[in-house]
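> File name start-v5.txt; file contents compact mmCIF, C-alpha atoms; full text below.
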# COMPACT_ATOMS: atom_id res chain seq x y z
CA MET A 66 51.24 123.79 107.03
CA GLY A 67 47.76 122.35 107.25
CA LYS A 68 46.74 118.99 108.53
CA LYS A 69 46.83 115.85 106.45
CA ILE A 70 43.83 113.70 107.22
CA ALA A 71 43.62 109.91 107.10
CA ILE A 72 40.42 107.89 107.12
CA TYR A 73 40.84 104.19 107.84
CA GLY A 74 37.82 102.57 106.25
CA ALA A 75 36.48 102.93 102.71
CA GLY A 76 32.78 102.33 103.40
CA THR A 77 30.02 104.91 103.27
CA ILE A 78 31.17 106.78 106.38
CA GLY A 79 34.77 106.89 105.17
CA ALA A 80 33.78 107.98 101.66
CA CYS A 81 31.56 110.79 102.95
CA GLN A 82 34.17 112.02 105.41
CA ALA A 83 36.72 112.00 102.61
CA THR A 84 34.30 114.01 100.47
CA LEU A 85 34.17 116.65 103.16
CA THR A 86 37.86 116.77 104.06
CA SER A 87 39.12 116.88 100.49
CA GLY A 88 36.30 119.23 99.59
CA ASN A 89 37.72 121.66 102.09
CA GLY A 90 41.20 121.52 100.62
CA TYR A 91 42.69 118.90 102.90
CA SER A 92 45.01 116.27 101.53
CA THR A 93 43.13 113.10 102.43
CA VAL A 94 44.15 109.45 102.55
CA VAL A 95 41.50 106.72 102.61
CA ILE A 96 42.66 103.24 103.57
CA GLY A 97 40.57 100.28 102.39
CA HIS A 98 41.22 96.57 102.20
CA SER A 99 40.00 95.43 98.77
CA GLU A 100 40.04 96.75 95.22
CA GLU A 101 36.27 96.44 95.10
CA GLY A 102 35.95 98.52 98.25
CA LEU A 103 38.33 101.17 96.95
CA SER A 104 36.34 101.46 93.73
CA ARG A 105 33.08 101.68 95.64
CA CYS A 106 34.53 104.43 97.84
CA ARG A 107 35.58 106.49 94.84
CA ASN A 108 32.18 106.03 93.21
CA THR A 109 30.41 107.11 96.41
CA MET A 110 32.52 110.24 96.56
CA LEU A 111 31.75 111.05 92.93
CA GLN A 112 28.04 110.51 93.60
CA ASN A 113 28.24 112.89 96.55
CA TRP A 114 29.75 115.55 94.32
CA ASN A 115 27.23 114.88 91.57
CA ASN A 116 24.42 115.45 94.08
CA LEU A 117 25.97 118.78 95.08
CA ILE A 118 26.46 119.77 91.45
CA ALA A 119 22.83 118.91 90.68
CA GLN A 120 21.78 121.35 93.41
CA LYS A 121 24.18 124.01 92.06
CA LEU A 122 26.19 123.84 95.28
CA ALA A 123 29.40 122.93 93.47
CA THR A 124 30.84 122.64 89.99
CA ALA A 125 32.61 119.97 87.97
CA ALA A 126 35.82 121.90 88.57
CA ASN A 127 35.27 121.65 92.33
CA ARG A 128 34.76 117.92 92.01
CA ARG A 129 37.92 117.42 89.96
CA ALA A 130 40.04 119.52 92.30
CA ALA A 131 38.75 117.75 95.41
CA MET A 132 39.30 114.29 93.99
CA ASP A 133 42.86 115.28 93.10
CA LEU A 134 43.54 115.73 96.82
CA VAL A 135 42.44 112.18 97.66
CA THR A 136 44.52 109.03 97.82
CA ILE A 137 42.38 105.89 98.05
CA THR A 138 44.56 102.87 98.69
CA ASN A 139 45.02 99.62 100.58
CA ASP A 140 48.69 100.48 101.25
CA VAL A 141 48.86 101.39 104.94
CA SER A 142 52.21 103.12 104.46
CA ALA A 143 50.16 106.00 103.03
CA LEU A 144 49.22 106.79 106.65
CA ARG A 145 52.74 108.06 107.23
CA ASP A 146 52.91 111.84 107.74
CA CYS A 147 49.18 112.08 108.48
CA ASP A 148 48.29 114.29 111.42
CA ILE A 149 45.08 112.62 112.51
CA VAL A 150 43.42 109.31 111.66
CA PHE A 151 39.69 108.67 111.66
CA GLU A 152 38.84 105.01 112.16
CA ALA A 153 35.69 104.10 110.22
CA VAL A 154 35.78 100.30 110.03
CA SER A 155 33.20 97.69 111.05
CA GLU A 156 31.55 97.79 114.48
CA ASP A 157 33.75 94.96 115.72
CA VAL A 158 36.12 95.55 118.63
CA ASN A 159 38.66 93.01 117.38
CA ILE A 160 38.79 94.58 113.90
CA LYS A 161 39.19 98.04 115.41
CA GLN A 162 41.99 96.80 117.69
CA ARG A 163 43.91 95.46 114.68
CA VAL A 164 43.46 98.79 112.92
CA TYR A 165 44.74 100.71 115.95
CA SER A 166 47.83 98.50 116.03
CA ILE A 167 48.50 99.20 112.36
CA ILE A 168 48.04 102.95 112.82
CA THR A 169 50.41 102.96 115.79
CA GLU A 170 53.00 100.89 113.94
CA VAL A 171 52.98 103.26 110.95
CA CYS A 172 52.38 106.62 112.63
CA GLY A 173 53.71 106.24 116.17
CA ARG A 174 51.97 106.14 119.52
CA ASP A 175 51.15 109.85 119.77
CA ILE A 176 49.05 110.43 116.67
CA ILE A 177 45.42 111.25 117.49
CA VAL A 178 43.03 108.44 116.60
CA VAL A 179 39.32 109.23 116.38
CA SER A 180 36.73 106.48 116.09
CA THR A 181 33.47 107.10 114.24
CA THR A 182 31.76 104.24 116.07
CA SER A 183 28.05 104.65 116.66
CA SER A 184 27.66 102.01 119.36
CA ILE A 185 30.85 100.86 121.12
CA ASP A 186 31.78 102.27 124.52
CA ALA A 187 34.75 104.66 124.38
CA ALA A 188 36.33 103.00 127.43
CA ILE A 189 36.21 99.59 125.74
CA LEU A 190 37.94 100.91 122.63
CA ALA A 191 40.47 102.86 124.70
CA GLU A 192 41.62 99.56 126.22
CA LYS A 193 42.49 98.36 122.71
CA ILE A 194 44.90 101.14 121.79
CA GLU A 195 48.40 101.93 122.96
CA ASN A 196 48.55 105.33 124.68
CA PRO A 197 44.77 105.80 125.11
CA ALA A 198 45.29 109.46 125.98
CA ARG A 199 45.36 110.19 122.24
CA PHE A 200 42.00 108.49 121.59
CA LEU A 201 38.34 109.57 121.60
CA ILE A 202 35.12 109.07 119.63
CA ALA A 203 33.70 111.60 117.17
CA HIS A 204 30.46 110.07 115.91
CA PRO A 205 29.09 111.79 112.77
CA PHE A 206 25.72 111.34 111.08
CA GLN A 207 24.76 110.49 107.55
CA PRO A 208 25.20 112.13 105.15
CA VAL A 209 28.48 112.88 106.93
CA HIS A 210 29.65 115.49 104.44
CA MET A 211 26.48 117.55 104.94
CA LEU A 212 24.91 116.89 108.35
CA PRO A 213 26.78 119.11 110.84
CA LEU A 214 26.36 117.28 114.16
CA VAL A 215 29.22 115.32 115.74
CA GLU A 216 28.95 113.52 119.09
CA VAL A 217 32.34 113.69 120.80
CA VAL A 218 32.77 111.04 123.49
CA ARG A 219 35.77 111.03 125.78
CA HIS A 220 36.88 108.45 128.32
CA THR A 221 38.75 108.77 131.60
CA GLU A 222 42.18 108.75 129.96
CA THR A 223 41.49 111.11 127.04
CA SER A 224 44.00 113.93 127.38
CA GLU A 225 42.85 117.54 127.44
CA GLU A 226 45.23 118.21 124.56
CA THR A 227 43.56 115.54 122.42
CA LEU A 228 40.10 116.77 123.34
CA ASN A 229 40.97 120.40 122.67
CA GLN A 230 42.64 119.69 119.32
CA VAL A 231 39.72 117.67 118.02
CA CYS A 232 36.96 119.94 119.34
CA THR A 233 38.68 123.15 118.28
CA LEU A 234 39.16 121.79 114.80
CA LEU A 235 35.57 120.56 114.54
CA LYS A 236 34.19 123.89 115.74
CA ASP A 237 36.50 125.89 113.50
CA LEU A 238 35.18 123.82 110.62
CA ASN A 239 31.52 124.57 111.32
CA ARG A 240 30.64 121.31 113.01
CA GLN A 241 28.06 121.37 115.79
CA VAL A 242 29.73 119.46 118.64
CA VAL A 243 27.93 117.79 121.53
CA MET A 244 30.10 116.44 124.33
CA LEU A 245 29.68 113.28 126.39
CA ASN A 246 32.08 112.90 129.29
CA SER A 247 31.59 109.12 129.24
CA SER A 248 29.85 106.60 127.02
CA VAL A 249 26.27 105.46 127.29
CA PRO A 250 24.79 102.98 124.78
CA GLY A 251 23.68 104.87 121.70
CA PHE A 252 25.27 108.14 122.88
CA LEU A 253 22.61 110.88 122.52
CA VAL A 254 20.93 110.79 119.13
CA ASN A 255 20.61 107.03 118.81
CA ARG A 256 19.13 106.82 122.32
CA PHE A 257 16.46 109.32 121.32
CA ALA A 258 15.88 107.45 118.05
CA GLN A 259 15.50 104.05 119.75
CA ALA A 260 12.91 105.46 122.14
CA LEU A 261 10.89 106.74 119.17
CA PHE A 262 11.35 103.52 117.18
CA ARG A 263 10.23 101.35 120.11
CA GLU A 264 7.10 103.43 120.73
CA SER A 265 6.29 103.55 117.01
CA ILE A 266 6.52 99.77 116.55
CA TYR A 267 4.43 99.30 119.68
CA LEU A 268 1.65 101.55 118.32
CA ILE A 269 1.66 99.70 114.99
CA GLU A 270 1.53 96.29 116.69
CA GLN A 271 -1.37 97.47 118.86
CA GLY A 272 -3.29 98.39 115.71
CA ILE A 273 -3.52 102.02 116.79
CA THR A 274 -2.00 103.56 113.67
CA THR A 275 0.19 102.92 110.63
CA ALA A 276 3.80 103.51 109.66
CA ALA A 277 2.72 106.16 107.17
CA ASP A 278 0.70 108.10 109.76
CA ILE A 279 3.52 107.90 112.31
CA ASP A 280 5.91 109.32 109.72
CA ARG A 281 3.39 112.04 108.87
CA ALA A 282 3.16 112.98 112.56
CA ILE A 283 6.94 113.17 112.84
CA LYS A 284 7.43 115.13 109.61
CA TYR A 285 4.72 117.70 110.19
CA ALA A 286 4.90 118.21 113.96
CA VAL A 287 7.91 116.79 115.80
CA GLY A 288 10.42 117.31 113.01
CA MET A 289 9.27 120.82 112.15
CA ARG A 290 9.13 121.92 115.79
CA TYR A 291 12.60 120.73 116.75
CA ALA A 292 14.21 121.95 113.56
CA SER A 293 14.04 125.47 114.97
CA ILE A 294 13.95 125.12 118.76
CA GLY A 295 15.52 122.67 121.16
CA LEU A 296 13.73 119.75 122.79
CA LEU A 297 14.41 121.09 126.26
CA GLU A 298 13.71 124.65 125.24
CA TYR A 299 10.24 123.34 124.40
CA TYR A 300 10.02 121.57 127.77
CA ASP A 301 10.74 124.85 129.53
CA ALA A 302 8.31 126.72 127.28
CA VAL A 303 5.50 124.29 128.14
CA GLY A 304 6.40 124.48 131.81
CA PHE A 305 7.05 121.88 134.47
CA GLU A 306 3.49 121.85 135.82
CA LEU A 307 1.87 120.98 132.49
CA GLU A 308 4.65 118.52 131.60
CA ARG A 309 4.06 116.80 134.94
CA ALA A 310 0.34 116.46 134.18
CA ILE A 311 1.04 115.06 130.70
CA ALA A 312 3.64 112.65 132.06
CA LEU A 313 1.26 111.32 134.71
CA ASN A 314 -1.16 110.38 131.94
CA VAL A 315 1.36 109.11 129.38
CA TYR A 316 4.26 107.50 131.29
CA PRO A 317 2.26 104.49 132.56
CA ASP A 318 1.16 103.62 129.01
CA LEU A 319 4.47 104.02 127.18
CA CYS A 320 6.11 100.94 125.73
CA ASP A 321 8.84 99.79 128.10
CA THR A 322 9.78 96.44 126.59
CA LYS A 323 13.41 95.40 126.95
CA SER A 324 13.06 92.80 124.18
CA ILE A 325 13.25 93.14 120.40
CA GLN A 326 9.71 93.55 119.16
CA LYS A 327 7.74 91.02 117.10
CA THR A 328 7.61 93.20 113.96
CA THR A 329 11.41 93.28 113.75
CA LEU A 330 11.88 89.58 114.50
CA VAL A 331 9.26 88.49 111.97
CA GLY A 332 10.74 90.83 109.37
CA ILE A 333 14.20 89.34 109.84
CA ALA A 334 12.91 85.78 109.70
CA SER A 335 10.97 86.44 106.49
CA GLY A 336 13.67 88.53 104.77
CA ARG A 337 11.53 91.68 104.86
CA THR A 338 14.28 93.72 106.48
CA GLY A 339 13.82 97.19 105.02
CA GLN A 340 14.81 99.28 102.04
CA LYS A 341 17.65 97.09 100.78
CA ALA A 342 15.38 94.03 100.83
CA GLY A 343 12.64 95.94 99.04
CA GLN A 344 10.16 95.38 101.84
CA GLY A 345 10.03 96.38 105.50
CA LEU A 346 7.47 98.61 107.13
CA TYR A 347 7.02 99.98 103.60
CA ASP A 348 6.90 98.33 100.17
CA TRP A 349 9.92 100.05 98.62
CA SER A 350 8.94 99.01 95.10
CA GLU A 351 6.27 101.68 95.39
CA LYS A 352 8.77 104.38 96.35
CA ASP A 353 11.02 106.48 94.14
CA GLU A 354 14.53 105.84 95.49
CA ASP A 355 15.97 108.96 93.83
CA ASP A 356 13.29 111.02 95.52
CA PHE A 357 14.04 109.37 98.87
CA ARG A 358 17.78 110.03 98.49
CA TYR A 359 17.03 113.66 97.66
CA ARG A 360 14.74 114.04 100.69
CA LYS A 361 17.42 112.58 102.97
CA GLN A 362 19.79 115.36 101.91
CA ALA A 363 17.35 118.23 101.35
CA PRO A 364 17.38 119.65 104.91
CA TYR A 365 21.09 120.38 104.59
CA PHE A 366 21.16 122.10 101.19
CA GLU A 367 20.27 125.53 102.55
CA GLY A 368 23.15 125.41 105.02
CA VAL A 369 25.56 124.68 102.19
CA ARG A 370 24.19 127.60 100.16
CA GLN A 371 24.96 129.97 103.02
CA TRP A 372 28.62 129.02 103.28
CA GLN A 373 31.29 131.50 102.18
CA THR A 374 33.01 130.67 98.89
CA PRO A 375 36.72 131.20 98.30
CA ALA A 376 37.87 132.11 94.81
CA HIS A 377 40.59 129.47 94.55
CA ILE A 378 41.33 126.04 95.89
CA TRP A 379 43.39 126.30 99.04
CA SER A 380 45.54 123.25 99.72
CA ARG A 381 45.88 122.64 103.43
CA LYS A 382 48.66 120.19 102.67
CA ASP A 383 51.22 122.76 101.60
CA GLY A 384 49.50 126.04 102.42
CA LYS A 385 49.38 127.18 98.78
CA TYR A 386 46.72 128.03 96.29
CA GLY A 387 46.29 125.46 93.57
CA GLU A 388 46.67 126.36 89.92
CA GLN A 389 43.09 125.62 88.94
CA GLN A 390 40.59 128.50 89.06
CA LEU A 391 37.13 127.51 90.20
CA GLU A 392 34.39 127.86 87.61
CA ASN A 393 31.71 129.41 89.80
CA HIS A 394 30.95 129.85 93.47
CA LEU A 395 32.46 127.20 95.68
CA PRO A 396 30.62 126.43 98.91
CA ALA A 397 32.51 126.37 102.15
CA LEU A 398 32.46 122.62 101.78
CA TRP A 399 35.97 123.52 100.62
CA TYR A 400 36.48 125.80 103.52
CA ALA A 401 35.35 123.92 106.59
CA VAL A 402 36.33 120.31 107.23
CA LEU A 403 34.58 117.65 109.26
CA LEU A 404 37.21 115.48 110.88
Translate this file's structure into structure tokens.


Amino acid sequence: MGKKIAIYGAGTIGACQATLTSGNGYSTVVIGHSEEGLSRCRNTMLQNWNNLIAQKLATAANRRAAMDLVTITNDVSALRDCDIVFEAVSEDVNIKQRVYSIITEVCGRDIIVVSTTSSIDAAILAEKIENPARFLIAHPFQPVHMLPLVEVVRHTETSEETLNQVCTLLKDLNRQVVMLNSSVPGFLVNRFAQALFRESIYLIEQGITTAADIDRAIKYAVGMRYASIGLLEYYDAVGFELERAIALNVYPDLCDTKSIQKTTLVGIASGRTGQKAGQGLYDWSEKDEDDFRYRKQAPYFEGVRQWQTPAHIWSRKDGKYGEQQLENHLPALWYAVLL
């Protein structure tokens, strides 16, 4: 019998994880807290499938079959009989603690609980859950159902059994796992991102360049380079002697502020807070939002096209093939689950 997956949280992260788990034949329960949130979750999942269909990565039959495997509800009793629960609620320790108490009450103290937090220390969260040995962090990246990286963060009490079960499952399901033995703020990827953001804002504020030219530099040099080789592979390829010479010139001039920069503070005060507000570093009224959404997903399409495609829907809930034949090729989005 396959695993039954629960996702506690019906926001964007929860909806995208549910797209992936159900899309790989797993019976999936999504727990929300309002009818509006449940409806929004379902609509997000349908939009995810529509995007895949538009790229000929899935069919309408795939979408229908996947959605049939999903229960989206605010009834926490639906957690019963689930094998693993992904917590995807707000970045608030108190809210997460209440969720952990509910999960434990319904499922028992031994069920594995995995937080998708992007910022809270694993040790802090472990203090908020009964039997912390069954807890760790598995931080995914948007769009969760397509981007393969997961940052797994353990704490001192995470059991080897919990770690092995989660990592083995993630790897079996084609996730690229990076491991942190303890938390640091931002884990890996967000630490790298904040360093780039800070330096970029600094260069703009100094009048050295523009947001558009910084993005052009990233897209056509940094992004292209590290899409095919690793950051530290490149460091080795350049060599320590040359990197030392570059660092001696650059390190003293890098932005090292520990404060939030003026551009961000002024933007918040004036309501120019980014895409949702229509204005941030860019004027978003001048951008095509459909094009932007497509470009956010485009790097991952080719990976989906290369997945193997089973001929039928395999239900991991009961270990049986479903009755519905798939119309065309079905990407391994059905075949490999991100937990």

> Each residue of region 131-168 of chain A lying at most 12 Å from region 101-113 of chain A should get a row with its shortest atom-to-atom pair and the distance in Å to one decimal, counting all atoms listed in the file; could you produce that, ordered by chain and increasing number, as CSV?


residue,atom,partner,partner_atom,distance
A:Ala131,CA,A:Met110,CA,9.8
A:Met132,CA,A:Leu111,CA,8.3
A:Asp133,CA,A:Arg107,CA,11.5
A:Val135,CA,A:Arg107,CA,9.3
A:Thr136,CA,A:Arg107,CA,9.8
A:Ile137,CA,A:Leu103,CA,6.3
A:Thr138,CA,A:Leu103,CA,6.7
A:Asn139,CA,A:Leu103,CA,7.8
A:Asp140,CA,A:Leu103,CA,11.2
A:Val154,CA,A:Gly102,CA,11.9

> Please measure the separation of CA of Ser184 (chain A) and CA of Gly343 (chain A), giving the value in Å to one decimal.

26.0 Å

> Taking (38.1, 112.2, 119.5) in the coordinates of the supplied file, I want to know which residues reach to within 12 Å of it, counting all atoms listed in the file; could you give the answer as a PyMOL selection string?

chain A and resi 149-152+176-182+187+190-191+197-205+215-220+222-235+242-246+404

> Write out, as JSON lines, each residue of region 167-238 of chain A that has an atom at most 8 Å from region 71-82 of chain A, together with the closest pair of atoms and their distance in Å to one decimal, counting all atoms listed in the file, rows going by chain and rising number.


{"residue": "A:Gln207", "atom": "CA", "partner": "A:Ile78", "partner_atom": "CA", "distance": 7.5}
{"residue": "A:Pro208", "atom": "CA", "partner": "A:Cys81", "partner_atom": "CA", "distance": 6.9}
{"residue": "A:Val209", "atom": "CA", "partner": "A:Cys81", "partner_atom": "CA", "distance": 5.4}
{"residue": "A:His210", "atom": "CA", "partner": "A:Cys81", "partner_atom": "CA", "distance": 5.3}

> Of the candidates A:Ile325, A:Phe366, A:Val171, A:Arg263, which one gets nearest to Lys121 (chain A) if we count only C-alpha atoms?

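Closest to Lys121 (chain A) of all the choices is A:Phe366.
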
> May I ask which of the residues A:Val249, A:Ile160, A:Ile283, A:Ile70 is the closest one to Ala188 (chain A), counting only C-alpha atoms?

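Under the stated criterion, the closest residue is A:Val249.
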
> Enter the distance from CA of Ser155 (chain A) to CA of Asn239 (chain A), in Å, rounded to one decimal.

26.9 Å

> Could you work out how far CA of Trp114 (chain A) lies from CA of Asp348 (chain A), giving the answer in Å with one decimal?

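For CA of Asp348 (chain A) relative to CA of Trp114 (chain A), the distance reads 29.2 Å.
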
> I'd like to know which of A:Asp321, A:Ile185, A:Ala363, A:His98 is closest to Leu261 (chain A), using all atoms listed in the file.

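Between A:Asp321, A:Ile185, A:Ala363, A:His98, the residue approaching Leu261 (chain A) most closely is A:Asp321.
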
> How would region 68-81 of chain A read, as an mmCIF file, keeping the file's coordinate frame, once N, CA, C and O atoms are built in?


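Written file, part_22.cif:
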data_model
loop_
_atom_site.group_PDB
_atom_site.id
_atom_site.type_symbol
_atom_site.label_atom_id
_atom_site.label_comp_id
_atom_site.auth_asym_id
_atom_site.auth_seq_id
_atom_site.Cartn_x
_atom_site.Cartn_y
_atom_site.Cartn_z
ATOM 1 N N LYS A 68 46.774 120.382 108.137
ATOM 2 C CA LYS A 68 46.740 118.990 108.530
ATOM 3 C C LYS A 68 46.506 118.087 107.329
ATOM 4 O O LYS A 68 45.836 118.449 106.377
ATOM 5 N N LYS A 69 47.089 116.898 107.420
ATOM 6 C CA LYS A 69 46.830 115.850 106.450
ATOM 7 C C LYS A 69 45.970 114.818 107.151
ATOM 8 O O LYS A 69 46.324 114.317 108.217
ATOM 9 N N ILE A 70 44.835 114.526 106.571
ATOM 10 C CA ILE A 70 43.830 113.700 107.220
ATOM 11 C C ILE A 70 43.868 112.289 106.645
ATOM 12 O O ILE A 70 43.966 112.098 105.430
ATOM 13 N N ALA A 71 43.761 111.301 107.540
ATOM 14 C CA ALA A 71 43.620 109.910 107.100
ATOM 15 C C ALA A 71 42.292 109.375 107.597
ATOM 16 O O ALA A 71 41.840 109.697 108.704
ATOM 17 N N ILE A 72 41.665 108.565 106.764
ATOM 18 C CA ILE A 72 40.420 107.890 107.120
ATOM 19 C C ILE A 72 40.643 106.410 106.877
ATOM 20 O O ILE A 72 40.884 105.987 105.747
ATOM 21 N N TYR A 73 40.608 105.633 107.956
ATOM 22 C CA TYR A 73 40.840 104.190 107.840
ATOM 23 C C TYR A 73 39.488 103.514 107.741
ATOM 24 O O TYR A 73 38.792 103.321 108.725
ATOM 25 N N GLY A 74 39.124 103.168 106.518
ATOM 26 C CA GLY A 74 37.820 102.570 106.250
ATOM 27 C C GLY A 74 37.224 103.218 105.028
ATOM 28 O O GLY A 74 37.069 104.440 104.967
ATOM 29 N N ALA A 75 36.914 102.401 104.008
ATOM 30 C CA ALA A 75 36.480 102.930 102.710
ATOM 31 C C ALA A 75 34.990 102.704 102.461
ATOM 32 O O ALA A 75 34.534 102.751 101.327
ATOM 33 N N GLY A 76 34.220 102.482 103.544
ATOM 34 C CA GLY A 76 32.780 102.330 103.400
ATOM 35 C C GLY A 76 32.086 103.677 103.242
ATOM 36 O O GLY A 76 32.729 104.699 102.946
ATOM 37 N N THR A 77 30.798 103.687 103.476
ATOM 38 C CA THR A 77 30.020 104.910 103.270
ATOM 39 C C THR A 77 30.480 106.037 104.172
ATOM 40 O O THR A 77 30.634 107.190 103.729
ATOM 41 N N ILE A 78 30.713 105.740 105.459
ATOM 42 C CA ILE A 78 31.170 106.780 106.380
ATOM 43 C C ILE A 78 32.513 107.334 105.922
ATOM 44 O O ILE A 78 32.707 108.556 105.843
ATOM 45 N N GLY A 79 33.454 106.442 105.606
ATOM 46 C CA GLY A 79 34.770 106.890 105.170
ATOM 47 C C GLY A 79 34.700 107.709 103.898
ATOM 48 O O GLY A 79 35.360 108.745 103.773
ATOM 49 N N ALA A 80 33.889 107.267 102.932
ATOM 50 C CA ALA A 80 33.780 107.980 101.660
ATOM 51 C C ALA A 80 33.192 109.374 101.864
ATOM 52 O O ALA A 80 33.644 110.355 101.243
ATOM 53 N N CYS A 81 32.187 109.480 102.734
ATOM 54 C CA CYS A 81 31.560 110.790 102.950
ATOM 55 C C CYS A 81 32.470 111.714 103.752
ATOM 56 O O CYS A 81 32.520 112.921 103.487
#
